[in-house]
There are 2 protein chains.
Amino acid sequence: MMEYEVKIRVGSLQPLRARLASLGIRPDTCHTERDLYFNSPTRDFGRTDEALRIRSTEEGTSLTYKGPKIGLAGVKAREEIIVSVDPKDEMEEILVRLGFTRTAVVEKTRETYRVEGTIVALDEVKGLGSFVEIEAPSGLGEEEAIALISKVRRELEVTGEETPLSYLEMIIATR
Amino acid sequence: MMEYEVKIRVGSLQPLRARLASLGIRPDTCHTERDLYFNSPTRDFGRTDEALRIRSTEEGTSLTYKGPKIGLAGVKAREEIIVSVDPKDEMEEILVRLGFTRTAVVEKTRETYRVEGTIVALDEVKGLGSFVEIEAPSGLGEEEAIALISKVRRELEVTGEETPLSYLEMIIATR
């Protein structure tokens, strides 16, 4: 499954919260996410631009593989494969036995809203700041996804700097 | 978690079924299991005596890592780490993306009984024949586990040849 999204660094999430409220759009979910990233014993995911992570939330745990990012006019596209796993500690232990090494932890609180089929996430990332992500619904083609993301961004009046970097890359860059 | 078990090749499962019935012990579960085994890109699990498999049953899917077998007076001991995963196809796809290769499929019908804390499994394995496995409850130490397995085996009057081989090793040996 391809994932198309844009990530925008913002000074504060309050203006967007106010804009969403004025449009009558209420939060869909709000939770904390703790992402533990791994590197491979056979190749450096930092160079191949892949990612493997265990995400823990209040609702459960998932294992996600992400393929290399494809830059598309400010929108980030990448393949994503997600599996629900339980329990978390055993999943982590299996990866370690298979030779994967823990590289970084990304912690954030994420509030999500559904806006015209997209998922708009308001993220406060520990050590990094505030970000907005707009993700196209799965199943859309490239052009449709990009057009929809741009439309939603305009409607929500999200200003700020787009970044192609993942939170993992930002965390590693701050070291 | 260490797993202690003995595996016995039998001509037929019927005598044991009759013995269990005469003791008033009824089957606990009965299902088909399809195990897909993988090899690692960094080492040959056939040589290191490890195993990584996705098991699918009617009840769900699990990912299991097994450490090398430790021979103990006819009882097989090995570390086992199990995680529930969903969906199966995505788990398989993640492993393939990470460089793991599919090596073999083991299919069996397994009937299990609880006998004095052990799990007694009556297996019909496709292409291999009939087997009985007696597994000690988790948490037992080595000596207790071995003693309990021997006691249950005597009570159930299971005759036949013990084998230290896994079904995977048997399937590979028949090629």
# chains A, B, ... in the order shown; residues from 1 in each chain; ligands from 1
$ select_by_dssp --residues "stretch 3-42 of chain A" --states "helix (DSSP H, G or I)" --output "JSON, numbers by chain"
{"A": [14, 15, 16, 17, 18, 19, 20, 21, 22]}
$ interface_residues --of "chain A" --to "chain B" --cutoff "7 Å" --atoms "only C-alpha atoms" --output "VMD selection string"
chain A and resid 42 65 81 to 87 90 to 91 94
$ closest_residue --among "A:Glu155, A:Asp49, A:Glu79, A:Glu124" --to "A:Arg110" --atoms "only C-alpha atoms"
A:Glu124
$ residues_around --residues "B:Glu162" --least-positions-apart "4" --cutoff "8 Å" --atoms "only C-alpha atoms" --output "list in words"
Val6, Lys7, Ile8, Arg9 and Gly74 of chain B
$ atom_distance --atom1 "atom CA of B:Gln14" --atom2 "atom CA of B:Thr109"
14.3 Å
$ closest_residue --among "A:Val96, A:Ala77, A:Val106, A:Ile171" --to "A:Asp123" --atoms "only C-alpha atoms"
A:Val106
$ atom_distance --atom1 "atom CA of B:Pro15" --atom2 "atom CA of B:Ile134"
15.8 Å
$ residues_around --residues "A:Lys151" --least-positions-apart "2" --cutoff "12 Å" --atoms "only C-alpha atoms" --output "list in words"
Val6, Val115, Glu116, Gly117, Thr118, Ile134, Glu135, Ala136, Glu144, Ala145, Ile146, Ala147, Leu148, Ile149, Arg153, Arg154, Glu155, Leu156, Glu157 and Val158 of chain A
